[in-house]
file coords.cif (mmCIF, C-alpha atoms and all ligand atoms)
data_query
loop_
_atom_site.label_atom_id
_atom_site.label_comp_id
_atom_site.auth_asym_id
_atom_site.auth_seq_id
_atom_site.Cartn_x
_atom_site.Cartn_y
_atom_site.Cartn_z
CA MET A 770 7.32 -40.32 49.59
CA LYS A 771 10.46 -38.51 48.55
CA GLN A 772 9.76 -39.49 44.90
CA ILE A 773 6.19 -38.08 44.99
CA SER A 774 7.36 -34.75 46.35
CA PHE A 775 10.05 -34.58 43.62
CA LYS A 776 7.39 -35.29 40.98
CA SER A 777 4.98 -32.72 42.34
CA THR A 778 7.79 -30.15 42.58
CA LEU A 779 8.60 -30.83 38.93
CA VAL A 780 4.93 -30.47 37.92
CA ALA A 781 4.65 -27.23 39.88
CA LEU A 782 7.82 -25.91 38.25
CA LEU A 783 6.55 -26.77 34.77
CA LEU A 784 3.27 -25.04 35.60
CA ILE A 785 5.10 -21.89 36.72
CA VAL A 786 7.26 -21.90 33.58
CA SER A 787 4.19 -22.23 31.35
CA ILE A 788 2.37 -19.47 33.28
CA ILE A 789 5.38 -17.17 32.79
CA ALA A 790 5.60 -18.08 29.11
CA ASN A 791 1.88 -17.34 28.67
CA ALA A 792 2.19 -14.07 30.55
CA GLN A 793 5.04 -13.07 28.20
CA ASP A 794 2.89 -13.95 25.15
CA LYS A 795 0.16 -11.74 26.52
CA LYS A 796 2.63 -8.87 26.80
CA LEU A 797 3.56 -9.20 23.13
CA PRO A 798 1.49 -7.16 20.67
CA ASN A 799 -1.03 -9.05 18.54
CA ILE A 800 -0.31 -8.70 14.83
CA VAL A 801 -2.26 -10.21 11.96
CA ILE A 802 -0.52 -10.87 8.64
CA LEU A 803 -2.82 -10.71 5.64
CA ALA A 804 -1.19 -12.46 2.69
CA THR A 805 -2.02 -11.64 -0.93
CA GLY A 806 0.81 -13.34 -2.85
CA GLY A 807 3.61 -11.72 -4.84
CA THR A 808 7.24 -12.66 -5.26
CA ILE A 809 7.60 -12.90 -1.47
CA ALA A 810 5.35 -15.96 -1.80
CA GLY A 811 6.93 -16.97 -5.10
CA ALA A 812 8.90 -20.07 -5.97
CA GLY A 813 11.23 -21.07 -8.79
CA ALA A 814 13.01 -24.25 -9.85
CA SER A 815 16.51 -22.84 -9.38
CA SER A 816 17.92 -20.71 -6.56
CA THR A 817 20.11 -18.82 -9.05
CA GLY A 818 17.74 -18.48 -12.01
CA SER A 819 15.44 -15.51 -12.59
CA ALA A 820 12.38 -17.60 -13.57
CA TYR A 821 9.73 -18.12 -10.91
CA THR A 822 5.98 -17.96 -10.26
CA SER A 823 4.43 -15.48 -7.80
CA GLY A 824 1.96 -16.52 -5.12
CA GLN A 825 2.98 -20.17 -4.51
CA VAL A 826 3.75 -20.31 -0.77
CA LYS A 827 1.02 -20.04 1.88
CA ILE A 828 1.20 -17.64 4.81
CA GLU A 829 1.85 -20.29 7.52
CA ALA A 830 4.94 -21.52 5.66
CA MET A 831 6.07 -17.93 5.09
CA ILE A 832 5.87 -17.16 8.81
CA ASP A 833 7.66 -20.39 9.73
CA ALA A 834 10.51 -19.46 7.37
CA VAL A 835 11.39 -16.30 9.32
CA PRO A 836 13.72 -16.96 12.29
CA ASN A 837 12.63 -15.35 15.59
CA ILE A 838 9.61 -13.60 14.09
CA ARG A 839 7.38 -14.98 16.84
CA THR A 840 9.51 -13.21 19.46
CA LEU A 841 8.23 -9.87 18.07
CA ALA A 842 4.50 -10.47 18.34
CA ASN A 843 1.71 -12.97 18.72
CA LEU A 844 1.15 -13.67 15.04
CA LYS A 845 -1.85 -14.87 13.09
CA GLY A 846 -1.82 -15.31 9.33
CA GLU A 847 -4.75 -15.07 6.93
CA GLN A 848 -4.61 -15.85 3.21
CA LEU A 849 -6.71 -13.19 1.45
CA ALA A 850 -5.43 -13.91 -2.06
CA ASN A 851 -2.38 -15.54 -3.64
CA VAL A 852 -1.61 -13.68 -6.85
CA GLY A 853 1.19 -11.79 -8.52
CA SER A 854 0.24 -8.17 -7.91
CA GLN A 855 -0.05 -7.59 -11.65
CA ASP A 856 -3.38 -9.38 -11.01
CA MET A 857 -4.34 -7.24 -8.00
CA SER A 858 -7.97 -6.10 -8.33
CA VAL A 859 -10.44 -3.61 -6.91
CA LYS A 860 -12.21 -6.59 -5.36
CA VAL A 861 -9.12 -7.57 -3.34
CA TRP A 862 -8.60 -3.89 -2.37
CA LEU A 863 -12.14 -3.76 -1.01
CA ASP A 864 -11.70 -7.12 0.79
CA LEU A 865 -8.43 -5.87 2.29
CA ALA A 866 -9.93 -2.57 3.47
CA LYS A 867 -12.86 -4.40 5.04
CA ARG A 868 -10.67 -6.96 6.83
CA VAL A 869 -8.10 -4.40 8.04
CA ASN A 870 -10.89 -2.19 9.41
CA GLU A 871 -12.56 -5.15 11.13
CA LEU A 872 -9.30 -6.29 12.73
CA LEU A 873 -8.09 -2.87 13.86
CA ALA A 874 -11.48 -2.02 15.39
CA THR A 875 -10.87 -4.75 18.00
CA LYS A 876 -8.72 -4.45 21.12
CA GLU A 877 -7.18 -7.82 20.26
CA CYS A 878 -5.34 -6.53 17.18
CA ASP A 879 -2.51 -4.00 17.54
CA GLY A 880 -1.42 -3.81 13.92
CA VAL A 881 -1.62 -5.42 10.50
CA VAL A 882 1.06 -6.54 8.05
CA ILE A 883 0.13 -7.19 4.43
CA THR A 884 2.38 -9.28 2.20
CA HIS A 885 1.97 -8.19 -1.40
CA GLY A 886 3.69 -8.25 -4.78
CA THR A 887 5.76 -5.19 -5.49
CA ASP A 888 4.37 -4.35 -8.95
CA THR A 889 1.22 -2.65 -7.66
CA GLN A 890 2.06 -2.44 -3.96
CA GLU A 891 2.15 1.37 -4.01
CA GLU A 892 -1.43 1.45 -5.31
CA THR A 893 -2.76 -0.92 -2.64
CA ALA A 894 -0.86 0.97 0.07
CA TYR A 895 -2.32 4.28 -1.11
CA PHE A 896 -5.84 2.82 -1.40
CA LEU A 897 -5.63 1.61 2.21
CA ASN A 898 -4.11 4.93 3.29
CA LEU A 899 -7.39 6.54 2.21
CA THR A 900 -9.82 3.88 3.45
CA VAL A 901 -8.49 2.45 6.74
CA LYS A 902 -10.24 4.01 9.73
CA SER A 903 -7.60 3.49 12.39
CA ASP A 904 -4.29 5.02 13.41
CA LYS A 905 -2.83 1.62 14.35
CA PRO A 906 0.10 0.57 12.15
CA VAL A 907 -0.64 -0.98 8.76
CA VAL A 908 2.53 -2.13 7.01
CA LEU A 909 2.88 -3.59 3.52
CA THR A 910 5.89 -5.59 2.50
CA GLY A 911 7.07 -7.82 -0.31
CA SER A 912 10.27 -8.96 -1.91
CA MET A 913 12.11 -8.78 -5.18
CA ARG A 914 13.53 -12.29 -4.96
CA PRO A 915 11.30 -15.37 -4.64
CA SER A 916 11.38 -17.52 -1.51
CA THR A 917 13.51 -20.13 -3.29
CA ALA A 918 16.22 -17.66 -4.43
CA LEU A 919 19.75 -17.32 -3.15
CA SER A 920 19.68 -14.39 -0.66
CA ALA A 921 15.88 -14.14 -0.75
CA ASP A 922 14.94 -10.73 0.68
CA GLY A 923 11.42 -11.72 1.80
CA PRO A 924 12.15 -13.14 5.29
CA LEU A 925 13.99 -10.05 6.59
CA ASN A 926 11.43 -7.75 4.99
CA MET A 927 8.69 -9.69 6.79
CA TYR A 928 10.60 -9.60 10.07
CA ASN A 929 11.05 -5.83 9.78
CA ALA A 930 7.42 -5.28 8.76
CA VAL A 931 6.19 -7.19 11.82
CA ALA A 932 8.63 -5.29 14.08
CA LEU A 933 7.25 -2.00 12.73
CA ALA A 934 3.59 -3.01 13.01
CA ALA A 935 4.23 -4.22 16.58
CA ASN A 936 5.83 -0.95 17.67
CA PRO A 937 3.41 1.52 19.34
CA ALA A 938 5.60 4.39 18.05
CA ALA A 939 4.43 3.53 14.52
CA LYS A 940 0.88 4.65 15.33
CA GLY A 941 -0.34 7.66 13.35
CA TYR A 942 2.01 7.31 10.35
CA GLY A 943 -0.73 6.15 7.98
CA VAL A 944 -0.11 3.10 5.84
CA MET A 945 3.59 2.28 5.37
CA VAL A 946 5.69 0.15 3.05
CA VAL A 947 8.76 -1.67 4.42
CA MET A 948 11.40 -3.08 2.08
CA ASN A 949 15.17 -3.28 2.08
CA ASP A 950 15.45 -1.80 5.63
CA GLU A 951 13.49 1.34 4.62
CA ILE A 952 10.10 2.66 5.73
CA HIS A 953 8.12 4.59 3.12
CA ALA A 954 4.84 6.49 3.35
CA ALA A 955 2.03 5.18 1.15
CA LYS A 956 1.53 8.54 -0.54
CA ASP A 957 5.17 8.95 -1.58
CA VAL A 958 6.47 5.46 -2.31
CA LYS A 959 7.14 4.44 -5.90
CA LYS A 960 8.48 1.30 -7.53
CA MET A 961 11.62 2.73 -9.15
CA TYR A 962 13.53 -0.36 -10.29
CA SER A 963 12.10 -3.31 -12.18
CA THR A 964 14.17 -6.01 -10.42
CA PRO A 965 16.76 -4.85 -7.79
CA VAL A 966 15.93 -5.09 -4.06
CA GLN A 967 16.10 -1.31 -3.54
CA THR A 968 13.04 -0.91 -5.76
CA PHE A 969 10.90 1.19 -3.38
CA GLN A 970 11.90 4.82 -3.12
CA SER A 971 10.23 8.09 -2.15
CA PRO A 972 12.32 10.14 -4.57
CA GLN A 973 10.94 13.57 -3.74
CA GLU A 974 9.96 13.35 -0.06
CA GLY A 975 12.44 10.72 1.17
CA MET A 976 11.86 7.60 3.26
CA ILE A 977 10.12 8.25 6.59
CA GLY A 978 12.45 5.97 8.52
CA THR A 979 14.55 2.85 8.66
CA VAL A 980 14.10 -0.54 10.28
CA ILE A 981 17.29 -2.53 10.74
CA PHE A 982 16.80 -6.06 12.09
CA GLY A 983 13.68 -4.76 13.82
CA ASP A 984 15.17 -1.54 15.24
CA ILE A 985 13.14 1.45 14.10
CA LEU A 986 14.22 5.02 13.50
CA PHE A 987 11.73 7.60 12.21
CA PHE A 988 12.91 10.73 10.37
CA HIS A 989 9.66 12.54 9.61
CA LYS A 990 5.88 12.16 9.55
CA PRO A 991 4.15 11.59 6.23
CA HIS A 992 2.33 14.55 4.67
CA GLY A 993 -1.17 14.52 3.20
CA ARG A 994 -4.41 13.36 4.83
CA ASN A 995 -4.65 9.67 5.61
CA THR A 996 -6.54 6.97 7.58
CA ILE A 997 -8.45 8.58 10.48
CA ASN A 998 -8.19 11.99 8.76
CA SER A 999 -9.49 10.70 5.43
CA GLU A 1000 -13.04 11.55 4.33
CA PHE A 1001 -13.32 8.38 2.20
CA SER A 1002 -15.06 5.20 3.22
CA VAL A 1003 -15.63 1.92 1.39
CA ALA A 1004 -17.90 0.42 4.04
CA GLY A 1005 -20.54 -1.58 2.18
CA VAL A 1006 -19.00 -0.72 -1.22
CA THR A 1007 -18.74 -3.61 -3.70
CA SER A 1008 -17.34 -1.87 -6.78
CA LEU A 1009 -15.72 1.41 -7.83
CA PRO A 1010 -16.21 3.54 -10.95
CA ARG A 1011 -13.97 2.70 -13.92
CA VAL A 1012 -10.96 4.99 -14.30
CA ASP A 1013 -8.41 4.45 -17.09
CA ILE A 1014 -4.90 5.78 -17.68
CA VAL A 1015 -3.60 7.13 -21.01
CA TYR A 1016 0.19 7.22 -21.43
CA GLY A 1017 1.44 10.45 -23.00
CA CYS A 1018 4.09 10.58 -25.71
CA ALA A 1019 5.10 12.61 -28.76
CA ASP A 1020 2.35 12.69 -31.37
CA MET A 1021 -0.04 10.80 -29.07
CA SER A 1022 -3.41 9.67 -30.40
CA PRO A 1023 -6.38 11.65 -29.03
CA ASP A 1024 -8.87 8.92 -29.97
CA LEU A 1025 -7.72 6.81 -27.00
CA ILE A 1026 -9.73 9.16 -24.79
CA ASP A 1027 -12.89 8.65 -26.87
CA ILE A 1028 -12.36 4.87 -26.78
CA MET A 1029 -12.14 4.89 -22.98
CA VAL A 1030 -15.25 7.02 -22.63
CA LYS A 1031 -17.14 4.68 -24.96
CA ALA A 1032 -15.95 1.71 -22.89
CA GLY A 1033 -17.56 3.24 -19.78
CA ALA A 1034 -14.75 5.14 -18.04
CA LYS A 1035 -16.06 7.73 -15.60
CA GLY A 1036 -12.61 9.15 -15.12
CA ILE A 1037 -9.41 9.32 -17.16
CA VAL A 1038 -5.91 9.99 -15.88
CA ILE A 1039 -3.42 11.25 -18.42
CA ALA A 1040 0.18 10.30 -17.67
CA GLY A 1041 1.20 13.43 -19.52
CA VAL A 1042 4.61 14.57 -20.66
CA GLY A 1043 6.51 17.03 -18.46
CA ASP A 1044 4.20 19.08 -16.25
CA GLY A 1045 1.16 16.96 -17.17
CA ASN A 1046 1.13 18.16 -20.77
CA MET A 1047 -0.36 16.55 -23.87
CA ASN A 1048 -0.47 17.54 -27.53
CA ALA A 1049 -3.12 19.98 -28.77
CA ALA A 1050 -5.34 17.25 -30.25
CA THR A 1051 -5.38 15.27 -26.98
CA LEU A 1052 -6.03 18.43 -24.97
CA GLU A 1053 -9.09 19.07 -27.18
CA ALA A 1054 -10.29 15.49 -26.61
CA ALA A 1055 -9.69 15.93 -22.85
CA LYS A 1056 -11.67 19.20 -22.77
CA LYS A 1057 -14.53 17.55 -24.70
CA ALA A 1058 -14.61 14.59 -22.27
CA ALA A 1059 -14.56 16.98 -19.29
CA LYS A 1060 -17.51 18.94 -20.79
CA ASN A 1061 -19.38 15.64 -21.07
CA GLY A 1062 -18.99 14.90 -17.36
CA ILE A 1063 -15.89 12.68 -17.43
CA THR A 1064 -13.28 13.70 -14.88
CA VAL A 1065 -9.93 14.10 -16.62
CA VAL A 1066 -6.87 14.30 -14.37
CA ARG A 1067 -3.49 15.50 -15.61
CA ALA A 1068 -0.63 13.58 -14.01
CA THR A 1069 2.86 13.08 -15.39
CA ARG A 1070 4.92 10.22 -16.78
CA VAL A 1071 8.00 11.91 -15.26
CA PRO A 1072 8.95 9.94 -12.11
CA ILE A 1073 9.70 12.90 -9.83
CA GLY A 1074 7.92 16.22 -9.20
CA ALA A 1075 4.38 17.56 -8.95
CA VAL A 1076 2.05 18.74 -11.71
CA LEU A 1077 1.08 22.40 -11.26
CA VAL A 1078 -2.48 23.72 -11.36
CA LYS A 1079 -1.16 26.85 -13.04
CA GLY A 1080 1.35 25.54 -15.56
CA GLU A 1081 0.96 25.52 -19.34
CA VAL A 1082 -2.58 24.22 -18.91
CA ASN A 1083 -5.31 26.26 -17.21
CA ASP A 1084 -7.19 23.46 -15.47
CA LYS A 1085 -10.11 25.51 -14.19
CA GLU A 1086 -10.77 26.96 -17.65
CA PHE A 1087 -10.45 23.59 -19.42
CA GLY A 1088 -12.32 21.57 -16.79
CA THR A 1089 -9.34 19.26 -16.17
CA ILE A 1090 -7.94 18.43 -12.72
CA CYS A 1091 -4.29 18.55 -11.78
CA SER A 1092 -2.87 15.51 -9.94
CA ASP A 1093 -0.43 17.58 -7.85
CA GLU A 1094 2.04 15.06 -6.34
CA LEU A 1095 0.23 11.85 -7.23
CA ASN A 1096 1.69 9.71 -10.00
CA PRO A 1097 -0.82 8.40 -12.57
CA GLN A 1098 -1.54 5.10 -10.80
CA LYS A 1099 -2.18 6.78 -7.43
CA ALA A 1100 -4.20 9.58 -9.07
CA ARG A 1101 -6.37 6.79 -10.50
CA VAL A 1102 -6.93 5.33 -7.00
CA LEU A 1103 -7.95 8.71 -5.57
CA LEU A 1104 -10.21 9.41 -8.54
CA MET A 1105 -12.00 6.05 -8.20
CA LEU A 1106 -12.80 6.91 -4.58
CA ALA A 1107 -13.64 10.55 -5.34
CA LEU A 1108 -16.09 9.57 -8.10
CA GLN A 1109 -18.31 7.79 -5.59
CA LYS A 1110 -20.18 11.09 -5.42
CA GLN A 1111 -20.88 14.09 -7.66
CA ARG A 1112 -18.39 16.92 -7.07
CA SER A 1113 -17.74 20.46 -8.27
CA TRP A 1114 -14.42 21.22 -10.03
CA ASP A 1115 -13.19 23.01 -6.87
CA ASP A 1116 -14.05 20.10 -4.64
CA MET A 1117 -12.40 17.55 -6.95
CA GLN A 1118 -9.24 19.68 -7.25
CA ARG A 1119 -9.18 20.12 -3.45
CA LEU A 1120 -8.94 16.35 -3.00
CA PHE A 1121 -5.84 16.15 -5.18
CA LEU A 1122 -4.18 18.91 -3.19
CA GLU A 1123 -5.09 17.46 0.23
CA TYR A 1124 -4.52 13.71 -0.21
N1 LIG B 1 5.20 -9.60 -10.23
C1 LIG B 1 5.49 -9.64 -8.85
C2 LIG B 1 4.29 -9.09 -8.10
O1 LIG B 1 4.09 -7.93 -8.07
C3 LIG B 1 6.72 -8.90 -8.54
C4 LIG B 1 7.07 -8.81 -7.07
O2 LIG B 1 6.34 -9.18 -6.17
O3 LIG B 1 8.18 -8.33 -6.79
O4 LIG B 1 3.60 -9.84 -7.54
#
call {"tool": "encode", "arguments": {"input": "coords.cif", "output": "structure tokens", "more": "lines below"}}
Ligand code: ASP
result
Amino acid sequence: MKQISFKSTLVALLLIVSIIANAQDKKLPNIVILATGGTIAGAGASSTGSAYTSGQVKIEAMIDAVPNIRTLANLKGEQLANVGSQDMSVKVWLDLAKRVNELLATKECDGVVITHGTDTQEETAYFLNLTVKSDKPVVLTGSMRPSTALSADGPLNMYNAVALAANPAAKGYGVMVVMNDEIHAAKDVKKMYSTPVQTFQSPQEGMIGTVIFGDILFFHKPHGRNTINSEFSVAGVTSLPRVDIVYGCADMSPDLIDIMVKAGAKGIVIAGVGDGNMNAATLEAAKKAAKNGITVVRATRVPIGAVLVKGEVNDKEFGTICSDELNPQKARVLLMLALQKQRSWDDMQRLFLEY
């Protein structure tokens, strides 16, 4: 008799413990990690060599490799792609936007983390900044060292990204990038170093905050319209107009513009010299393309600083558009979305000043 009551007490205790554990899980935010590949999912033969291949490790193994990450949130992983982000595509951007919007529209999802290669992460972050229709946190992260490397930076970046996405205070900041303990706004962040871990910087506007072992400190709100204040939507969209980038240099060849137009580009971004400048021959080719209905945007190859509408080039007179603060690759993203409908010069220029 005594034994039975001991057993039933034990069973009851176990039941209570599991009820408490479940109740705690329910209190944790629900975060979904969408994995797309990159060095964070990369693997190499040696922990001290620089050779490796991106996009080798699957999301479940990536989550399992991060100590204590499940104490931050109830986590679910989904593998959307597994590529080095040099192979990121408009198709994956559209898939990501669709999935993030689906998830965040439900009460069951409090935030999304996206693991992504660093090469084109700023473009994906900016694309989502314009196309996600929710103010819940969306956080991209990656790493500079593969998962097999000595002092791999991926696990802590992932931990910090989940901590940020799980924090209700991160609502309303638009899409963010977390790397190396720093939080950057999608509009401002740039890959500034080819290999060191401090690659992501917002050189003009500054980081919007820090996240140190999950503890978050915000400094300022991002500027520019984003997410719920964006007028863009990719609902039901399966492709985007072709937009190419021409890199400016001394004595640049104007015929590159004609080649792009012939190949079907609807928009061209010029990574101009200085304040979005180009030589006289290229400016003539740009004016001709603009007259023929191609949208030509002047950005700059200089890493820091905006391009001015009223600099050495008179955009309104020439029919060109000034990129303002967007670097060439982000100007291309905005232009692809903007070209979904016919616009006047004023309306197109407005977008570059507002987003
Ligand atoms: N090539 C890699 C990628 O972008 C580099 C990285 O993730 O750091 O996927």
call {"tool": "closest_residue", "arguments": {"input": "coords.cif", "among": "A:Ala938, A:Leu899, A:Ala812, A:Ile802", "to": "ligand LIG 1 (chain B)", "atoms": "only C-alpha atoms and all ligand atoms"}}
result
A:Ala812
call {"tool": "atom_distance", "arguments": {"input": "coords.cif", "atom1": "atom O3 of ligand LIG 1 (chain B)", "atom2": "atom CA of Thr964 of chain A"}}
result
7.4 Å
call {"tool": "closest_residue", "arguments": {"input": "coords.cif", "among": "A:Phe1087, A:Tyr895, A:Phe982, A:Tyr821", "to": "ligand LIG 1 (chain B)", "atoms": "only C-alpha atoms and all ligand atoms"}}
result
A:Tyr821
call {"tool": "closest_residue", "arguments": {"input": "coords.cif", "among": "A:Glu1086, A:Asp904, A:Glu892, A:Glu877", "to": "ligand LIG 1 (chain B)", "atoms": "all atoms listed in the file"}}
result
A:Glu892
call {"tool": "closest_residue", "arguments": {"input": "coords.cif", "among": "A:Val859, A:Thr822, A:Pro906, A:Val944", "to": "Gly886 of chain A", "atoms": "only C-alpha atoms"}}
result
A:Thr822
call {"tool": "closest_atom_pairs", "arguments": {"input": "coords.cif", "of": "chain A", "to": "ligand LIG 1 (chain B)", "cutoff": "7 Å", "atoms": "all atoms listed in the file", "output": "tab-separated table"}}
result
residue	atom	partner	partner_atom	distance
A:Gly806	CA	B:LIG1	O4	6.5
A:Gly807	CA	B:LIG1	O4	3.3
A:Thr808	CA	B:LIG1	O2	3.7
A:Ile809	CA	B:LIG1	O2	6.1
A:Ser823	CA	B:LIG1	O4	5.7
A:Val852	CA	B:LIG1	O4	6.5
A:Gly853	CA	B:LIG1	O4	3.3
A:Ser854	CA	B:LIG1	O4	3.8
A:Gln855	CA	B:LIG1	O1	5.5
A:His885	CA	B:LIG1	O2	6.5
A:Gly886	CA	B:LIG1	O2	3.1
A:Thr887	CA	B:LIG1	O2	4.1
A:Asp888	CA	B:LIG1	O1	3.7
A:Thr889	CA	B:LIG1	O1	6.0
A:Gly911	CA	B:LIG1	O2	6.1
A:Ser912	CA	B:LIG1	O3	5.3
A:Met913	CA	B:LIG1	O3	4.3
A:Arg914	CA	B:LIG1	O3	6.9
call {"tool": "atom_distance", "arguments": {"input": "coords.cif", "atom1": "atom CA of Lys867 of chain A", "atom2": "atom CA of Asn995 of chain A"}}
result
16.3 Å
call {"tool": "atom_distance", "arguments": {"input": "coords.cif", "atom1": "atom CA of Leu1122 of chain A", "atom2": "atom CA of Ser1092 of chain A"}}
result
7.7 Å
call {"tool": "closest_residue", "arguments": {"input": "coords.cif", "among": "A:Asn870, A:Ser819, A:Thr968, A:Thr840", "to": "Val1003 of chain A", "atoms": "only C-alpha atoms"}}
result
A:Asn870
call {"tool": "build_atoms", "arguments": {"input": "coords.cif", "residues": "segment 829-836 of chain A", "atoms": "all heavy atoms", "output": "short mmCIF file (atom, residue, chain, number, x, y, z; two decimals), in the coordinates of the input"}}
result
data_model
loop_
_atom_site.label_atom_id
_atom_site.label_comp_id
_atom_site.auth_asym_id
_atom_site.auth_seq_id
_atom_site.Cartn_x
_atom_site.Cartn_y
_atom_site.Cartn_z
N GLU A 829 1.27 -19.56 6.36
CA GLU A 829 1.85 -20.29 7.52
C GLU A 829 3.31 -20.66 7.24
O GLU A 829 4.19 -20.48 8.09
CB GLU A 829 1.06 -21.59 7.84
CG GLU A 829 -0.34 -21.37 8.39
CD GLU A 829 -1.33 -20.94 7.32
OE1 GLU A 829 -1.07 -21.20 6.12
OE2 GLU A 829 -2.35 -20.31 7.68
N ALA A 830 3.57 -21.14 6.02
CA ALA A 830 4.94 -21.52 5.66
C ALA A 830 5.83 -20.29 5.59
O ALA A 830 7.02 -20.34 5.96
CB ALA A 830 4.93 -22.24 4.31
N MET A 831 5.28 -19.17 5.15
CA MET A 831 6.07 -17.93 5.09
C MET A 831 6.49 -17.49 6.49
O MET A 831 7.63 -17.09 6.72
CB MET A 831 5.27 -16.81 4.40
CG MET A 831 5.14 -17.00 2.90
SD MET A 831 3.87 -15.92 2.20
CE MET A 831 4.67 -14.33 2.36
N ILE A 832 5.56 -17.56 7.42
CA ILE A 832 5.87 -17.16 8.81
C ILE A 832 6.93 -18.10 9.39
O ILE A 832 7.92 -17.66 9.99
CB ILE A 832 4.60 -17.15 9.70
CG1 ILE A 832 3.60 -16.09 9.21
CG2 ILE A 832 4.96 -16.90 11.17
CD1 ILE A 832 2.25 -16.12 9.90
N ASP A 833 6.73 -19.40 9.17
CA ASP A 833 7.66 -20.39 9.73
C ASP A 833 9.07 -20.23 9.17
O ASP A 833 10.05 -20.67 9.79
CB ASP A 833 7.16 -21.82 9.45
CG ASP A 833 5.94 -22.15 10.30
OD1 ASP A 833 5.69 -21.42 11.28
OD2 ASP A 833 5.21 -23.10 9.96
N ALA A 834 9.19 -19.61 8.00
CA ALA A 834 10.51 -19.46 7.37
C ALA A 834 11.31 -18.28 7.92
O ALA A 834 12.46 -18.08 7.55
CB ALA A 834 10.34 -19.30 5.86
N VAL A 835 10.69 -17.49 8.82
CA VAL A 835 11.39 -16.30 9.32
C VAL A 835 11.88 -16.55 10.74
O VAL A 835 11.08 -16.61 11.68
CB VAL A 835 10.47 -15.05 9.30
CG1 VAL A 835 11.25 -13.81 9.72
CG2 VAL A 835 9.86 -14.85 7.92
N PRO A 836 13.20 -16.67 10.95
CA PRO A 836 13.72 -16.96 12.29
C PRO A 836 13.32 -15.86 13.28
O PRO A 836 13.36 -14.67 12.94
CB PRO A 836 15.24 -16.97 12.09
CG PRO A 836 15.47 -17.03 10.63
CD PRO A 836 14.25 -16.50 9.94
#
